[in-house]
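Participant: Questions regarding the structure given below will be posed in turn.
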Amino acid sequence: MALLFAIRDGRKDAASNATPYLRALMSGQNERRQTLNSAWTSLSKVMVMAFVLDCAFQYATGGNIWIVQAVLMAGLLCAIPYTLMRGPVARINR
């Protein structure tokens, strides 16, 4: 799901001729804040869904739920693919 949102947002970036995603994160404060808000808007639903699914998996397999582990896994499995794919998708679509 994170990859699908990265593709969608990368296409939007290409259409609006926006600064590449990682470059925008590394640049000035205003552009970084706007870029992070855009990413959070896209990823929040996916991260919540990943968190719930990880908690359900933990409970089904071990009978316990480790909240910190679920948060870290949801963050890593959503944020990393999104960050790595949004920029290249925008470049390909240009």
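Residue names in the structure tokens use chain letters A, B, ... in the order shown, residue numbers from 1 in each chain, and ligand numbers from 1 in the order shown.
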May I have the residues within 12 Å of Ser42 (chain A) as a list in words, using only C-alpha atoms and disregarding those fewer than 5 positions away in the same chain?

Facilitator: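 What passes the distance filter is Met1, Ala2, Leu3, Leu4, Phe5, Ala6, Ile7, Arg8, Asp9, Gly10, Thr35, Leu36, Asn37, Met47, Val48, Cys78, Ala79, Tyr82, Thr83 and Arg86 of chain A.
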
Participant: What is the CA of Leu25 (chain A)-CA of Lys12 (chain A) distance in Å, reported with one decimal?

Facilitator: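 Interatomic distance here is 16.6 Å.
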
Participant: Quick one: everything within 10 Å of Leu84 (chain A), counting only C-alpha atoms, minus sequence neighbours fewer than 3 positions away in the same chain. Send it as a PyMOL selection string.

Facilitator: chain A and resi 3+6+21-22+79-81+87-89

Participant: What does the distance between CA of Phe51 (chain A) and CA of Gln34 (chain A) come to in Å, to one decimal place?

Facilitator: 24.8 Å

Participant: Could you list, as a PDB file with N, CA and C atoms, in the first residue's frame, every residue within 7 Å of Ala14 (chain A), counting only C-alpha atoms and ignoring same-chain residues fewer than 5 positions away?

Facilitator:
```
ATOM      1  N   ALA A  90       8.423  10.061  -9.701  1.00  0.00           N
ATOM      2  CA  ALA A  90       8.252  11.405 -10.259  1.00  0.00           C
ATOM      3  C   ALA A  90       9.200  11.632 -11.432  1.00  0.00           C
ATOM      4  N   ARG A  91      10.440  11.150 -11.320  1.00  0.00           N
ATOM      5  CA  ARG A  91      11.400  11.321 -12.402  1.00  0.00           C
ATOM      6  C   ARG A  91      10.999  10.530 -13.638  1.00  0.00           C
ATOM      7  N   ASN A  93       7.962   9.713 -14.539  1.00  0.00           N
ATOM      8  CA  ASN A  93       6.767  10.313 -15.129  1.00  0.00           C
ATOM      9  C   ASN A  93       7.030  11.656 -15.783  1.00  0.00           C
ATOM     10  N   ARG A  94       8.177  12.258 -15.548  1.00  0.00           N
ATOM     11  CA  ARG A  94       8.500  13.534 -16.204  1.00  0.00           C
ATOM     12  C   ARG A  94       8.952  13.216 -17.600  1.00  0.00           C
TER      13      ARG A  94
END
```

Participant: Residues at most 12 Å from Met49 (chain A), counting only C-alpha atoms, excluding those fewer than 2 positions away in the same chain, as an mmCIF file with N, CA, C and O atoms, in the first residue's frame?

Facilitator:
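Generated output (around.cif):
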```
data_model
loop_
_atom_site.group_PDB
_atom_site.id
_atom_site.type_symbol
_atom_site.label_atom_id
_atom_site.label_comp_id
_atom_site.auth_asym_id
_atom_site.auth_seq_id
_atom_site.Cartn_x
_atom_site.Cartn_y
_atom_site.Cartn_z
ATOM 1 N N MET A 1 0.821 -1.192 0.000
ATOM 2 C CA MET A 1 0.000 0.000 0.000
ATOM 3 C C MET A 1 0.867 1.258 0.000
ATOM 4 O O MET A 1 0.530 2.229 -0.663
ATOM 5 N N ALA A 2 1.958 1.218 0.739
ATOM 6 C CA ALA A 2 2.833 2.387 0.765
ATOM 7 C C ALA A 2 3.398 2.669 -0.615
ATOM 8 O O ALA A 2 3.541 3.829 -1.014
ATOM 9 N N LEU A 43 0.429 8.676 4.161
ATOM 10 C CA LEU A 43 0.832 7.470 4.877
ATOM 11 C C LEU A 43 0.076 7.199 6.169
ATOM 12 O O LEU A 43 0.157 6.084 6.688
ATOM 13 N N SER A 44 -0.640 8.161 6.703
ATOM 14 C CA SER A 44 -1.258 7.964 8.015
ATOM 15 C C SER A 44 -2.227 6.786 8.020
ATOM 16 O O SER A 44 -2.200 5.956 8.935
ATOM 17 N N LYS A 45 -3.066 6.689 7.010
ATOM 18 C CA LYS A 45 -4.028 5.587 6.961
ATOM 19 C C LYS A 45 -3.324 4.243 6.789
ATOM 20 O O LYS A 45 -3.697 3.244 7.416
ATOM 21 N N VAL A 46 -2.305 4.215 5.960
ATOM 22 C CA VAL A 46 -1.569 2.973 5.726
ATOM 23 C C VAL A 46 -0.825 2.550 6.989
ATOM 24 O O VAL A 46 -0.795 1.360 7.331
ATOM 25 N N MET A 47 -0.252 3.504 7.707
ATOM 26 C CA MET A 47 0.478 3.170 8.924
ATOM 27 C C MET A 47 -0.460 2.657 10.016
ATOM 28 O O MET A 47 -0.110 1.732 10.742
ATOM 29 N N PHE A 51 -0.236 -1.017 11.608
ATOM 30 C CA PHE A 51 -0.160 -1.190 13.057
ATOM 31 C C PHE A 51 -1.207 -2.183 13.545
ATOM 32 O O PHE A 51 -0.907 -3.103 14.315
ATOM 33 N N VAL A 52 -2.448 -2.026 13.100
ATOM 34 C CA VAL A 52 -3.525 -2.924 13.522
ATOM 35 C C VAL A 52 -3.248 -4.357 13.056
ATOM 36 O O VAL A 52 -3.421 -5.315 13.820
ATOM 37 N N LEU A 53 -2.808 -4.510 11.815
ATOM 38 C CA LEU A 53 -2.515 -5.847 11.306
ATOM 39 C C LEU A 53 -1.355 -6.497 12.052
ATOM 40 O O LEU A 53 -1.376 -7.700 12.317
ATOM 41 N N ASP A 54 -0.329 -5.703 12.413
ATOM 42 C CA ASP A 54 0.791 -6.262 13.154
ATOM 43 C C ASP A 54 0.357 -6.680 14.559
ATOM 44 O O ASP A 54 0.774 -7.733 15.049
ATOM 45 N N CYS A 55 -0.486 -5.873 15.192
ATOM 46 C CA CYS A 55 -0.997 -6.251 16.518
ATOM 47 C C CYS A 55 -1.817 -7.534 16.439
ATOM 48 O O CYS A 55 -1.681 -8.423 17.291
ATOM 49 N N ALA A 56 -2.652 -7.653 15.415
ATOM 50 C CA ALA A 56 -3.447 -8.863 15.248
ATOM 51 C C ALA A 56 -2.552 -10.073 15.001
ATOM 52 O O ALA A 56 -2.789 -11.157 15.551
ATOM 53 N N ALA A 70 5.167 -3.046 17.221
ATOM 54 C CA ALA A 70 4.154 -2.805 16.194
ATOM 55 C C ALA A 70 4.315 -1.415 15.586
ATOM 56 O O ALA A 70 4.198 -1.239 14.365
ATOM 57 N N VAL A 71 4.606 -0.423 16.402
ATOM 58 C CA VAL A 71 4.814 0.940 15.899
ATOM 59 C C VAL A 71 6.049 0.998 15.008
ATOM 60 O O VAL A 71 6.026 1.595 13.925
ATOM 61 N N MET A 73 7.536 -1.485 13.364
ATOM 62 C CA MET A 73 7.327 -2.246 12.130
ATOM 63 C C MET A 73 6.424 -1.485 11.165
ATOM 64 O O MET A 73 6.690 -1.439 9.963
ATOM 65 N N ALA A 74 5.371 -0.892 11.677
ATOM 66 C CA ALA A 74 4.476 -0.118 10.812
ATOM 67 C C ALA A 74 5.223 1.059 10.201
ATOM 68 O O ALA A 74 5.095 1.340 9.009
ATOM 69 N N GLY A 75 6.016 1.732 11.006
ATOM 70 C CA GLY A 75 6.782 2.868 10.495
ATOM 71 C C GLY A 75 7.804 2.459 9.456
ATOM 72 O O GLY A 75 7.915 3.078 8.398
ATOM 73 N N LEU A 77 7.952 -0.376 7.641
ATOM 74 C CA LEU A 77 7.390 -1.009 6.451
ATOM 75 C C LEU A 77 6.566 -0.051 5.602
ATOM 76 O O LEU A 77 6.232 -0.378 4.470
ATOM 77 N N CYS A 78 6.248 1.114 6.132
ATOM 78 C CA CYS A 78 5.515 2.110 5.346
ATOM 79 C C CYS A 78 6.420 3.245 4.887
ATOM 80 O O CYS A 78 6.398 3.636 3.725
#
```

Participant: Please, what distance in Å, to one decimal, runs between CA of Ile92 (chain A) and CA of Arg11 (chain A)?

Facilitator: 8.9 Å
